[in-house]
>>> print(open('start_8.txt').read())   # compact mmCIF, N, CA and C atoms
# COMPACT_ATOMS: atom_id res chain seq x y z
N TYR A 10 -29.08 68.41 22.09
CA TYR A 10 -28.45 69.48 21.36
C TYR A 10 -27.18 68.95 20.72
N CYS A 11 -26.94 69.30 19.46
CA CYS A 11 -25.73 68.89 18.75
C CYS A 11 -24.89 70.11 18.40
N SER A 12 -23.61 69.97 18.54
CA SER A 12 -22.68 71.01 18.15
C SER A 12 -22.74 71.17 16.63
N PRO A 13 -22.57 72.39 16.14
CA PRO A 13 -22.57 72.59 14.69
C PRO A 13 -21.26 72.17 14.03
N TYR A 14 -20.33 71.62 14.79
CA TYR A 14 -19.01 71.26 14.27
C TYR A 14 -18.87 69.74 14.18
N SER A 15 -18.43 69.27 13.02
CA SER A 15 -18.16 67.85 12.82
C SER A 15 -16.70 67.59 13.16
N LYS A 16 -16.45 66.66 14.09
CA LYS A 16 -15.10 66.38 14.57
C LYS A 16 -14.84 64.88 14.60
N LYS A 17 -13.60 64.52 14.32
CA LYS A 17 -13.15 63.13 14.47
C LYS A 17 -12.39 62.97 15.78
N ASN A 18 -11.50 63.91 16.07
CA ASN A 18 -10.68 63.89 17.28
C ASN A 18 -10.98 65.14 18.09
N PHE A 19 -11.27 64.96 19.37
CA PHE A 19 -11.73 66.09 20.18
C PHE A 19 -11.68 65.75 21.67
N VAL A 20 -11.87 66.79 22.46
CA VAL A 20 -12.14 66.66 23.89
C VAL A 20 -13.48 67.34 24.12
N VAL A 21 -14.37 66.69 24.83
CA VAL A 21 -15.66 67.30 25.16
C VAL A 21 -15.87 67.22 26.67
N LYS A 22 -16.45 68.29 27.19
CA LYS A 22 -16.81 68.36 28.61
C LYS A 22 -18.25 68.82 28.68
N VAL A 23 -19.02 68.20 29.55
CA VAL A 23 -20.39 68.65 29.80
C VAL A 23 -20.79 68.27 31.22
N GLU A 24 -21.51 69.16 31.87
CA GLU A 24 -22.05 68.88 33.20
C GLU A 24 -23.55 68.66 33.08
N PHE A 25 -24.00 67.48 33.49
CA PHE A 25 -25.43 67.16 33.49
C PHE A 25 -25.97 67.31 34.90
N HIS A 26 -27.16 67.89 35.01
CA HIS A 26 -27.84 68.10 36.29
C HIS A 26 -28.96 67.07 36.40
N ASN A 27 -28.91 66.26 37.45
CA ASN A 27 -29.90 65.19 37.61
C ASN A 27 -31.31 65.75 37.60
N PRO A 28 -32.22 65.12 36.88
CA PRO A 28 -33.60 65.61 36.81
C PRO A 28 -34.40 65.35 38.09
N TYR A 29 -33.96 64.38 38.87
CA TYR A 29 -34.58 63.97 40.13
C TYR A 29 -33.68 62.91 40.74
N SER A 30 -33.96 62.50 41.93
CA SER A 30 -33.15 61.48 42.60
C SER A 30 -33.32 60.12 41.91
N SER A 31 -32.26 59.34 41.89
CA SER A 31 -32.34 58.00 41.31
C SER A 31 -33.29 57.11 42.09
N SER A 32 -33.56 57.44 43.35
CA SER A 32 -34.51 56.65 44.14
C SER A 32 -35.96 56.92 43.72
N GLU A 33 -36.19 58.06 43.03
CA GLU A 33 -37.53 58.39 42.55
C GLU A 33 -37.85 57.64 41.26
N HIS A 34 -36.88 57.59 40.34
CA HIS A 34 -37.07 56.92 39.05
C HIS A 34 -35.73 56.87 38.33
N ASP A 35 -35.61 55.94 37.38
CA ASP A 35 -34.38 55.84 36.59
C ASP A 35 -34.22 57.04 35.66
N TRP A 36 -32.97 57.44 35.41
CA TRP A 36 -32.65 58.46 34.43
C TRP A 36 -31.35 58.07 33.73
N ASP A 37 -31.12 58.69 32.59
CA ASP A 37 -29.85 58.53 31.88
C ASP A 37 -29.53 59.81 31.13
N TYR A 38 -28.26 59.99 30.83
CA TYR A 38 -27.81 61.08 29.97
C TYR A 38 -26.41 60.79 29.49
N GLY A 39 -26.00 61.49 28.46
CA GLY A 39 -24.67 61.24 27.95
C GLY A 39 -24.37 61.99 26.67
N ILE A 40 -23.43 61.43 25.92
CA ILE A 40 -22.89 62.07 24.73
C ILE A 40 -23.02 61.12 23.54
N MET A 41 -23.53 61.64 22.44
CA MET A 41 -23.49 60.93 21.17
C MET A 41 -22.39 61.60 20.36
N PHE A 42 -21.56 60.81 19.69
CA PHE A 42 -20.44 61.41 18.97
C PHE A 42 -20.08 60.59 17.74
N ARG A 43 -19.26 61.22 16.87
CA ARG A 43 -18.96 60.67 15.55
C ARG A 43 -20.26 60.28 14.86
N GLU A 44 -21.24 61.17 15.02
CA GLU A 44 -22.58 60.92 14.47
C GLU A 44 -22.63 61.37 13.02
N THR A 45 -22.97 60.42 12.15
CA THR A 45 -23.19 60.69 10.74
C THR A 45 -24.61 60.26 10.41
N ALA A 46 -24.97 60.29 9.15
CA ALA A 46 -26.34 59.93 8.76
C ALA A 46 -26.71 58.50 9.15
N ASP A 47 -25.71 57.60 9.19
CA ASP A 47 -26.04 56.20 9.45
C ASP A 47 -25.36 55.58 10.67
N LYS A 48 -24.45 56.30 11.35
CA LYS A 48 -23.76 55.74 12.51
C LYS A 48 -23.61 56.77 13.62
N GLN A 49 -23.48 56.27 14.86
CA GLN A 49 -23.16 57.14 15.99
C GLN A 49 -22.78 56.27 17.19
N TYR A 50 -21.80 56.77 17.94
CA TYR A 50 -21.51 56.19 19.25
C TYR A 50 -22.42 56.86 20.27
N ARG A 51 -22.83 56.10 21.28
CA ARG A 51 -23.62 56.63 22.39
C ARG A 51 -22.94 56.22 23.69
N LEU A 52 -22.48 57.21 24.45
CA LEU A 52 -21.88 56.99 25.76
C LEU A 52 -22.87 57.52 26.79
N ALA A 53 -23.36 56.64 27.67
CA ALA A 53 -24.42 57.03 28.60
C ALA A 53 -24.06 56.71 30.04
N LEU A 54 -24.45 57.62 30.94
CA LEU A 54 -24.45 57.36 32.38
C LEU A 54 -25.88 57.02 32.77
N LEU A 55 -26.04 55.98 33.58
CA LEU A 55 -27.37 55.55 34.02
C LEU A 55 -27.48 55.64 35.53
N SER A 56 -28.68 55.92 36.00
CA SER A 56 -28.90 56.10 37.43
C SER A 56 -28.73 54.82 38.24
N ASN A 57 -28.56 53.68 37.58
CA ASN A 57 -28.27 52.44 38.31
C ASN A 57 -26.77 52.30 38.57
N GLN A 58 -26.04 53.41 38.45
CA GLN A 58 -24.60 53.50 38.72
C GLN A 58 -23.78 52.71 37.70
N SER A 59 -24.21 52.72 36.45
CA SER A 59 -23.45 52.07 35.40
C SER A 59 -23.26 53.04 34.23
N TRP A 60 -22.42 52.65 33.31
CA TRP A 60 -22.26 53.38 32.07
C TRP A 60 -22.26 52.40 30.92
N THR A 61 -22.66 52.89 29.76
CA THR A 61 -22.69 52.05 28.57
C THR A 61 -22.06 52.80 27.40
N LEU A 62 -21.49 52.03 26.48
CA LEU A 62 -21.03 52.55 25.20
C LEU A 62 -21.62 51.64 24.15
N GLY A 63 -22.29 52.24 23.18
CA GLY A 63 -22.87 51.47 22.09
C GLY A 63 -22.64 52.17 20.77
N LEU A 64 -22.81 51.42 19.71
CA LEU A 64 -22.69 51.95 18.36
C LEU A 64 -23.97 51.64 17.61
N ARG A 65 -24.62 52.70 17.15
CA ARG A 65 -25.80 52.53 16.28
C ARG A 65 -25.28 52.57 14.85
N ASN A 66 -25.65 51.56 14.07
CA ASN A 66 -25.28 51.48 12.67
C ASN A 66 -26.57 51.27 11.90
N GLU A 67 -27.08 52.35 11.32
CA GLU A 67 -28.41 52.39 10.70
C GLU A 67 -29.43 51.96 11.75
N ASP A 68 -30.11 50.84 11.56
CA ASP A 68 -31.12 50.41 12.54
C ASP A 68 -30.61 49.39 13.53
N ASP A 69 -29.33 49.02 13.43
CA ASP A 69 -28.75 48.03 14.35
C ASP A 69 -28.11 48.74 15.54
N TRP A 70 -28.21 48.10 16.71
CA TRP A 70 -27.62 48.63 17.95
C TRP A 70 -26.65 47.60 18.49
N ASN A 71 -25.40 48.00 18.68
CA ASN A 71 -24.37 47.11 19.19
C ASN A 71 -23.87 47.66 20.52
N LEU A 72 -24.19 46.99 21.61
CA LEU A 72 -23.71 47.39 22.93
C LEU A 72 -22.27 46.92 23.07
N ILE A 73 -21.34 47.87 23.23
CA ILE A 73 -19.91 47.57 23.31
C ILE A 73 -19.48 47.37 24.75
N GLU A 74 -19.94 48.22 25.65
CA GLU A 74 -19.58 48.16 27.08
C GLU A 74 -20.83 48.39 27.91
N ASN A 75 -20.92 47.73 29.05
CA ASN A 75 -21.97 47.95 30.05
C ASN A 75 -21.33 47.63 31.39
N ILE A 76 -20.86 48.65 32.10
CA ILE A 76 -20.01 48.45 33.28
C ILE A 76 -20.52 49.28 34.45
N THR A 77 -20.43 48.74 35.65
CA THR A 77 -20.81 49.45 36.87
C THR A 77 -19.76 50.50 37.22
N LEU A 78 -20.22 51.69 37.56
CA LEU A 78 -19.32 52.79 37.93
C LEU A 78 -18.88 52.72 39.37
N GLY A 79 -19.78 52.38 40.25
CA GLY A 79 -19.47 52.43 41.66
C GLY A 79 -19.86 53.77 42.25
N SER A 80 -19.04 54.29 43.12
CA SER A 80 -19.42 55.48 43.89
C SER A 80 -19.11 56.80 43.21
N SER A 81 -18.56 56.80 42.00
CA SER A 81 -18.17 58.06 41.37
C SER A 81 -19.34 58.84 40.78
N LEU A 82 -20.53 58.28 40.76
CA LEU A 82 -21.68 58.94 40.16
C LEU A 82 -22.58 59.55 41.24
N ASN A 83 -22.88 60.85 41.10
CA ASN A 83 -23.81 61.54 42.01
C ASN A 83 -25.23 61.22 41.56
N LEU A 84 -26.08 60.75 42.47
CA LEU A 84 -27.40 60.25 42.12
C LEU A 84 -28.55 61.09 42.64
N GLY A 85 -28.29 62.06 43.51
CA GLY A 85 -29.36 62.79 44.17
C GLY A 85 -29.97 63.91 43.36
N SER A 86 -31.15 64.30 43.76
CA SER A 86 -31.82 65.46 43.19
C SER A 86 -30.98 66.70 43.50
N GLY A 87 -30.81 67.58 42.52
CA GLY A 87 -30.01 68.77 42.71
C GLY A 87 -28.52 68.55 42.54
N GLN A 88 -28.11 67.31 42.34
CA GLN A 88 -26.69 67.02 42.11
C GLN A 88 -26.40 66.95 40.61
N SER A 89 -25.12 66.92 40.29
CA SER A 89 -24.73 66.87 38.88
C SER A 89 -23.52 65.97 38.70
N ASN A 90 -23.22 65.66 37.45
CA ASN A 90 -22.07 64.85 37.08
C ASN A 90 -21.42 65.47 35.85
N VAL A 91 -20.09 65.53 35.88
CA VAL A 91 -19.34 66.10 34.77
C VAL A 91 -18.69 64.97 33.99
N ILE A 92 -18.94 64.95 32.69
CA ILE A 92 -18.34 63.97 31.79
C ILE A 92 -17.25 64.67 30.99
N TYR A 93 -16.09 64.06 30.95
CA TYR A 93 -15.01 64.43 30.03
C TYR A 93 -14.80 63.23 29.12
N LEU A 94 -14.68 63.50 27.83
CA LEU A 94 -14.39 62.45 26.88
C LEU A 94 -13.32 62.96 25.93
N VAL A 95 -12.22 62.22 25.84
CA VAL A 95 -11.14 62.52 24.91
C VAL A 95 -11.20 61.46 23.82
N VAL A 96 -11.34 61.89 22.56
CA VAL A 96 -11.44 60.98 21.43
C VAL A 96 -10.29 61.27 20.48
N SER A 97 -9.47 60.24 20.23
CA SER A 97 -8.33 60.39 19.34
C SER A 97 -8.13 59.09 18.58
N GLY A 98 -8.37 59.14 17.28
CA GLY A 98 -8.20 57.94 16.46
C GLY A 98 -9.12 56.83 16.90
N ASN A 99 -8.55 55.67 17.17
CA ASN A 99 -9.33 54.49 17.54
C ASN A 99 -9.59 54.36 19.04
N GLN A 100 -9.18 55.38 19.82
CA GLN A 100 -9.37 55.28 21.27
C GLN A 100 -10.08 56.49 21.84
N GLY A 101 -10.75 56.26 22.95
CA GLY A 101 -11.37 57.32 23.72
C GLY A 101 -10.99 57.13 25.18
N TYR A 102 -10.96 58.23 25.91
CA TYR A 102 -10.64 58.20 27.33
C TYR A 102 -11.79 58.90 28.05
N PHE A 103 -12.42 58.18 28.96
CA PHE A 103 -13.67 58.57 29.57
C PHE A 103 -13.45 58.87 31.06
N PHE A 104 -13.93 60.05 31.50
CA PHE A 104 -13.81 60.51 32.89
C PHE A 104 -15.18 60.96 33.38
N VAL A 105 -15.47 60.69 34.66
CA VAL A 105 -16.67 61.20 35.32
C VAL A 105 -16.23 61.88 36.61
N ASN A 106 -16.63 63.11 36.78
CA ASN A 106 -16.30 63.88 37.98
C ASN A 106 -14.80 63.82 38.30
N GLU A 107 -14.01 64.04 37.25
CA GLU A 107 -12.55 64.10 37.32
C GLU A 107 -11.89 62.76 37.67
N GLU A 108 -12.64 61.66 37.61
CA GLU A 108 -12.09 60.34 37.86
C GLU A 108 -12.02 59.57 36.54
N TYR A 109 -10.83 59.02 36.24
CA TYR A 109 -10.67 58.20 35.03
C TYR A 109 -11.54 56.96 35.18
N ILE A 110 -12.33 56.68 34.13
CA ILE A 110 -13.22 55.53 34.16
C ILE A 110 -12.72 54.40 33.26
N SER A 111 -12.41 54.73 31.98
CA SER A 111 -12.04 53.66 31.06
C SER A 111 -11.43 54.19 29.78
N THR A 112 -10.68 53.33 29.11
CA THR A 112 -10.23 53.58 27.74
C THR A 112 -11.21 52.86 26.82
N LEU A 113 -11.70 53.55 25.81
CA LEU A 113 -12.74 53.03 24.93
C LEU A 113 -12.16 52.64 23.58
N ASN A 114 -12.59 51.51 23.06
CA ASN A 114 -12.22 51.08 21.72
C ASN A 114 -13.21 51.70 20.74
N LEU A 115 -12.74 52.62 19.91
CA LEU A 115 -13.59 53.34 18.96
C LEU A 115 -13.25 52.99 17.51
N SER A 116 -12.69 51.83 17.29
CA SER A 116 -12.20 51.46 15.96
C SER A 116 -13.32 51.12 14.97
N GLN A 117 -14.55 50.92 15.45
CA GLN A 117 -15.65 50.55 14.54
C GLN A 117 -16.23 51.74 13.77
N ASN A 118 -15.91 52.97 14.21
CA ASN A 118 -16.42 54.16 13.53
C ASN A 118 -15.40 55.27 13.72
N ASN A 119 -14.45 55.34 12.82
CA ASN A 119 -13.32 56.26 12.96
C ASN A 119 -13.43 57.39 11.93
N VAL A 120 -14.57 58.11 11.98
CA VAL A 120 -14.81 59.21 11.04
C VAL A 120 -15.26 60.45 11.80
N ALA A 121 -15.16 61.59 11.17
CA ALA A 121 -15.67 62.83 11.77
C ALA A 121 -17.19 62.78 11.80
N GLY A 122 -17.75 63.38 12.83
CA GLY A 122 -19.21 63.44 12.94
C GLY A 122 -19.62 64.44 13.99
N ASP A 123 -20.92 64.61 14.13
CA ASP A 123 -21.47 65.54 15.11
C ASP A 123 -21.22 65.03 16.53
N ILE A 124 -21.26 65.97 17.48
CA ILE A 124 -21.13 65.68 18.91
C ILE A 124 -22.37 66.27 19.57
N CYS A 125 -23.10 65.44 20.31
CA CYS A 125 -24.38 65.86 20.87
C CYS A 125 -24.49 65.49 22.35
N VAL A 126 -25.26 66.26 23.11
CA VAL A 126 -25.68 65.86 24.44
C VAL A 126 -27.05 65.21 24.30
N ALA A 127 -27.32 64.21 25.14
CA ALA A 127 -28.58 63.48 24.99
C ALA A 127 -29.06 62.99 26.34
N THR A 128 -30.36 62.77 26.43
CA THR A 128 -30.99 62.17 27.60
C THR A 128 -32.11 61.27 27.11
N GLY A 129 -32.57 60.38 27.97
CA GLY A 129 -33.63 59.47 27.57
C GLY A 129 -33.18 58.51 26.47
N MET A 130 -31.93 58.09 26.53
CA MET A 130 -31.40 57.19 25.50
C MET A 130 -31.92 55.77 25.68
N TYR A 131 -32.34 55.42 26.88
CA TYR A 131 -32.91 54.11 27.15
C TYR A 131 -34.38 54.24 27.49
N GLU A 132 -35.19 53.37 26.91
CA GLU A 132 -36.62 53.40 27.14
C GLU A 132 -36.92 53.20 28.62
N GLY A 133 -37.78 54.05 29.16
CA GLY A 133 -38.17 53.95 30.57
C GLY A 133 -37.28 54.72 31.52
N TYR A 134 -36.24 55.38 30.99
CA TYR A 134 -35.30 56.12 31.84
C TYR A 134 -35.62 57.61 31.85
N GLU A 135 -36.89 57.93 31.96
CA GLU A 135 -37.31 59.33 32.05
C GLU A 135 -38.70 59.40 32.68
N LEU A 136 -39.02 60.54 33.23
CA LEU A 136 -40.33 60.79 33.81
C LEU A 136 -41.00 61.92 33.04
N LYS A 137 -42.24 61.71 32.68
CA LYS A 137 -43.00 62.74 31.98
C LYS A 137 -43.08 64.00 32.84
N GLY A 138 -42.82 65.15 32.22
CA GLY A 138 -42.89 66.42 32.92
C GLY A 138 -41.58 66.84 33.58
N LYS A 139 -40.57 65.99 33.57
CA LYS A 139 -39.27 66.31 34.16
C LYS A 139 -38.27 66.58 33.04
N THR A 140 -37.29 67.44 33.32
CA THR A 140 -36.27 67.75 32.33
C THR A 140 -34.88 67.58 32.94
N THR A 141 -33.95 67.24 32.08
CA THR A 141 -32.55 67.13 32.47
C THR A 141 -31.81 68.30 31.85
N SER A 142 -31.22 69.13 32.67
CA SER A 142 -30.48 70.26 32.13
C SER A 142 -28.99 69.94 32.10
N TYR A 143 -28.27 70.74 31.33
CA TYR A 143 -26.82 70.57 31.24
C TYR A 143 -26.19 71.95 31.14
N SER A 144 -24.91 72.01 31.43
CA SER A 144 -24.17 73.27 31.33
C SER A 144 -22.73 72.96 30.94
N ASP A 145 -22.00 73.99 30.59
CA ASP A 145 -20.58 73.88 30.25
C ASP A 145 -20.30 72.88 29.14
N PHE A 146 -21.17 72.80 28.14
CA PHE A 146 -20.94 71.93 26.99
C PHE A 146 -19.86 72.58 26.14
N THR A 147 -18.64 72.02 26.22
CA THR A 147 -17.47 72.62 25.58
C THR A 147 -16.75 71.56 24.77
N ILE A 148 -16.30 71.93 23.58
CA ILE A 148 -15.58 71.02 22.70
C ILE A 148 -14.28 71.67 22.28
N TRP A 149 -13.19 70.90 22.39
CA TRP A 149 -11.88 71.33 21.92
C TRP A 149 -11.44 70.38 20.81
N SER A 150 -10.90 70.91 19.73
CA SER A 150 -10.39 70.09 18.62
C SER A 150 -9.05 69.49 18.96
N LEU A 151 -8.81 68.29 18.47
CA LEU A 151 -7.50 67.65 18.53
C LEU A 151 -7.06 67.37 17.10
N PRO A 152 -5.76 67.35 16.86
CA PRO A 152 -5.29 67.06 15.49
C PRO A 152 -5.61 65.63 15.09
>>> encode(input="start_8.txt", output="structure tokens")
Amino acid sequence: YCSPYSKKNFVVKVEFHNPYSSSEHDWDYGIMFRETADKQYRLALLSNQSWTLGLRNEDDWNLIENITLGSSLNLGSGQSNVIYLVVSGNQGYFFVNEEYISTLNLSQNNVAGDICVATGMYEGYELKGKTTSYSDFTIWSLP
């Protein structure tokens, strides 16, 4: 789902509900942002307790970060994870479950664009017949 508002600077919050336990199968979910016709950032949480940040530029994919989260990610069936992302100019500030994770370099795509929730961003990170739900998808504008 994508917000109908195009934003360059914003705060977004979303709670993702795990589709099943990470011990059953891999899953992923996250936020796509500054999405235009030819570019988008993708920030993803993965059930292997890592997170990634990448930039799609037309058909090219550039992985910017791929880092282990550690214990801050809830992995069980029936559990959820809350992502906060603050985007301002060339930087982003990423939080999971109210824990600061990282400052993101966003200088490669510094334009207004759509903000979307996403799942199944990585091939093989989903199970047929299962769904990932989300709640509290909220966006606040920043100057």
>>> atom_distance(input="start_8.txt", atom1="atom C of Met41 of chain A", atom2="atom CA of Val126 of chain A")
6.8 Å
>>> residues_around(input="start_8.txt", residues="segment 24-30 of chain A", least_positions_apart="2", cutoff="6.5 Å", atoms="all atoms listed in the file", output="PyMOL selection string")
chain A and resi 22+32-34+84-92+139-146
>>> closest_residue(input="start_8.txt", among="A:Asn57, A:Asp68, A:Ala127, A:Tyr93", to="Tyr10 of chain A", atoms="all atoms listed in the file")
A:Ala127
>>> closest_residue(input="start_8.txt", among="A:Asn106, A:Thr61, A:Gly122, A:Val21", to="Thr147 of chain A", atoms="all atoms listed in the file")
A:Val21
>>> atom_distance(input="start_8.txt", atom1="atom CA of Leu113 of chain A", atom2="atom CA of Gly63 of chain A")
10.6 Å
>>> select_by_dssp(input="start_8.txt", residues="segment 24-74 of chain A", states="strand (DSSP E)", output="number ranges by chain")
A: 24-26, 37-44, 48-55, 59-66, 69-74
>>> atom_distance(input="start_8.txt", atom1="atom CA of Leu115 of chain A", atom2="atom CA of Glu135 of chain A")
27.7 Å
>>> residues_around(input="start_8.txt", residues="Ile76 of chain A", least_positions_apart="5", cutoff="6.5 Å", atoms="all atoms listed in the file", output="list of chain:residue names")
A:Gln58, A:Ser59, A:Trp60, A:Thr61
>>> write_last_selection(input="start_8.txt", atoms="N, CA and C atoms", output="JSON list (two decimals), in the frame of the given file")
[["chain", "number", "residue", "atom", "x", "y", "z"],
["A", 58, "GLN", "N", -26.04, 53.41, 38.45],
["A", 58, "GLN", "CA", -24.60, 53.50, 38.72],
["A", 58, "GLN", "C", -23.78, 52.71, 37.70],
["A", 59, "SER", "N", -24.21, 52.72, 36.45],
["A", 59, "SER", "CA", -23.45, 52.07, 35.40],
["A", 59, "SER", "C", -23.26, 53.04, 34.23],
["A", 60, "TRP", "N", -22.42, 52.65, 33.31],
["A", 60, "TRP", "CA", -22.26, 53.38, 32.07],
["A", 60, "TRP", "C", -22.26, 52.40, 30.92],
["A", 61, "THR", "N", -22.66, 52.89, 29.76],
["A", 61, "THR", "CA", -22.69, 52.05, 28.57],
["A", 61, "THR", "C", -22.06, 52.80, 27.40]]
>>> closest_residue(input="start_8.txt", among="A:Asn18, A:Asn114, A:Gln49, A:Ser97", to="Asp69 of chain A", atoms="only C-alpha atoms")
A:Gln49
>>> closest_residue(input="start_8.txt", among="A:Met130, A:Leu54, A:Ala121, A:Leu136", to="Lys17 of chain A", atoms="only C-alpha atoms")
A:Ala121
>>> closest_residue(input="start_8.txt", among="A:Gly98, A:Pro152, A:Gly138, A:Pro13", to="Ile124 of chain A", atoms="only N, CA and C atoms")
A:Pro13
>>> closest_residue(input="start_8.txt", among="A:Tyr50, A:Ser56, A:Asn119, A:Ile73", to="Trp36 of chain A", atoms="all atoms listed in the file")
A:Ser56
